[in-house]
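**Student:** Sharing a structure with you now.
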Amino acid sequence: MASQVTLELPFRPDAHLTEVMRQRAQSLQQRGGKRQDGERLLRPHEAIYRLDFSQQALRFAHWGVRLVRSGRLTVTATSQLWTPDLTHLMNRQLLEPAGVFWRAESDGDDTPVHQYEADAQEFGERIAEMAKVRKTMYFLLAFEEGVGPDAVECSISFQVDQK
């Protein structure tokens, strides 16, 4: 009989890749250069995070997002093995839907973080599908409306079938 085990994976900041992407945007700005057709440049309020999968056969269970103050977090996955130091991030590489999570100023401390349920569910299921063929996935996290990396905890949980 198979038992259910839950695996919680935290989104981890990738400071090196974030810096490489910031340097690309800065370099274009300083030179007055144009981005490549379809290229997606990193904005100042965005950072690159990663998920490392220790197991591949996963089923999405739930999101674990905590915002310690009001604001909005948008989590967008990249659709392919993306290494910004070798290739530019292109708009077509960004998966839809994105996970959007927020906390309003009027929310109490015990109010759960809001999310678009259907999008968050579909997004989690797509990540689980991609985990079957990847050990690592990269994500673009956008911090908006007063929230920053210091005020966010983000993880995703999966069910793992144990035989």
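Just so we're on the same page: first chain in the structure tokens is A, next is B, and so on; residues restart at 1 for each chain, and ligands are numbered from 1 in the order they show up.
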Please, which residues of stretch 22-157 of chain A, numbered as in this document, come out helix (DSSP H, G or I) from DSSP, as a PyMOL selection string?
**Tutor:** chain A and resi 22-31+91-93+117-131+149-151
**Student:** For A:Glu96, list every protein, DNA or RNA residue within 10 Å, evaluated using only C-alpha atoms, and leave out those in the same chain fewer than 6 positions away; present the list as a list of chain:residue names.
**Tutor:**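 Skipping anything fewer than 6 positions along the chain leaves A:Thr76, A:Ala77, A:Thr78, A:Ser79, A:Asp119, A:Glu122, A:Phe123, A:Arg126.
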**Student:** Go ahead and write the selection's residues with C-alpha atoms as an mmCIF file, in the first residue's frame.
**Tutor:**
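Once written, result.cif looks like this:
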```
data_model
loop_
_atom_site.group_PDB
_atom_site.id
_atom_site.type_symbol
_atom_site.label_atom_id
_atom_site.label_comp_id
_atom_site.auth_asym_id
_atom_site.auth_seq_id
_atom_site.Cartn_x
_atom_site.Cartn_y
_atom_site.Cartn_z
ATOM 1 C CA THR A 76 6.530 33.394 -12.937
ATOM 2 C CA ALA A 77 8.252 30.212 -14.104
ATOM 3 C CA THR A 78 10.545 29.856 -17.070
ATOM 4 C CA SER A 79 9.565 27.136 -19.507
ATOM 5 C CA ASP A 119 -4.285 30.130 -11.529
ATOM 6 C CA GLU A 122 -2.821 25.301 -12.500
ATOM 7 C CA PHE A 123 0.599 26.869 -11.969
ATOM 8 C CA ARG A 126 2.520 22.728 -14.302
#
```
**Student:** Please report the interatomic distance between atom CA of A:Gln162 and atom CA of A:Ala57 in Å with one decimal.
**Tutor:**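 A separation of 9.9 Å between them.
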**Student:** Counting only C-alpha atoms, which of A:Ser54, A:Glu46, A:Gly32, A:Gln23 gets nearest to A:Val160?
**Tutor:**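 Nearest candidate to A:Val160 out of A:Ser54, A:Glu46, A:Gly32, A:Gln23: A:Ser54.
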**Student:** With only C-alpha atoms counted and 7 Å as the cut-off, give the residues of stretch 100-130 of chain A in contact with stretch 59-65 of chain A, each with its shortest interatomic distance in Å and the pair that gives it, as JSON lines.
**Tutor:**
```
{"residue": "A:Val113", "atom": "CA", "partner": "A:Val65", "partner_atom": "CA", "distance": 6.9}
{"residue": "A:Gly124", "atom": "CA", "partner": "A:Phe60", "partner_atom": "CA", "distance": 5.5}
{"residue": "A:Glu125", "atom": "CA", "partner": "A:Phe60", "partner_atom": "CA", "distance": 5.3}
{"residue": "A:Ala128", "atom": "CA", "partner": "A:Arg59", "partner_atom": "CA", "distance": 5.7}
```
**Student:** Counting only C-alpha atoms, figure out which residue out of A:Ile127, A:Val147, A:Ala120, A:Ile156 gets nearest to A:Val68.
**Tutor:** A:Val147
**Student:** Give me, as a ChimeraX atom specification, all polymer residues having an atom no more than 6 Å from stretch 98-108 of chain A, counting only C-alpha atoms and skipping those fewer than 5 positions away in the same chain.
**Tutor:** /A:70-76,113-115,120
**Student:** Restricting the calculation to only C-alpha atoms: of A:Phe158, A:Leu41, A:Phe143, A:Ile48, which residue gets closest to A:Gln29?
**Tutor:** A:Leu41
**Student:** Counting only C-alpha atoms, figure out which residue out of A:Pro13, A:Pro112, A:Gly148, A:Pro97 gets nearest to A:Leu51.
**Tutor:**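 Distance minimum relative to A:Leu51 lands on A:Pro13.
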**Student:** Rounded to one decimal in Å, what is the spacing between atom CA of A:Arg43 and atom CA of A:Val20?
**Tutor:**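 Separating atom CA of A:Arg43 from atom CA of A:Val20 is a distance of 12.4 Å.
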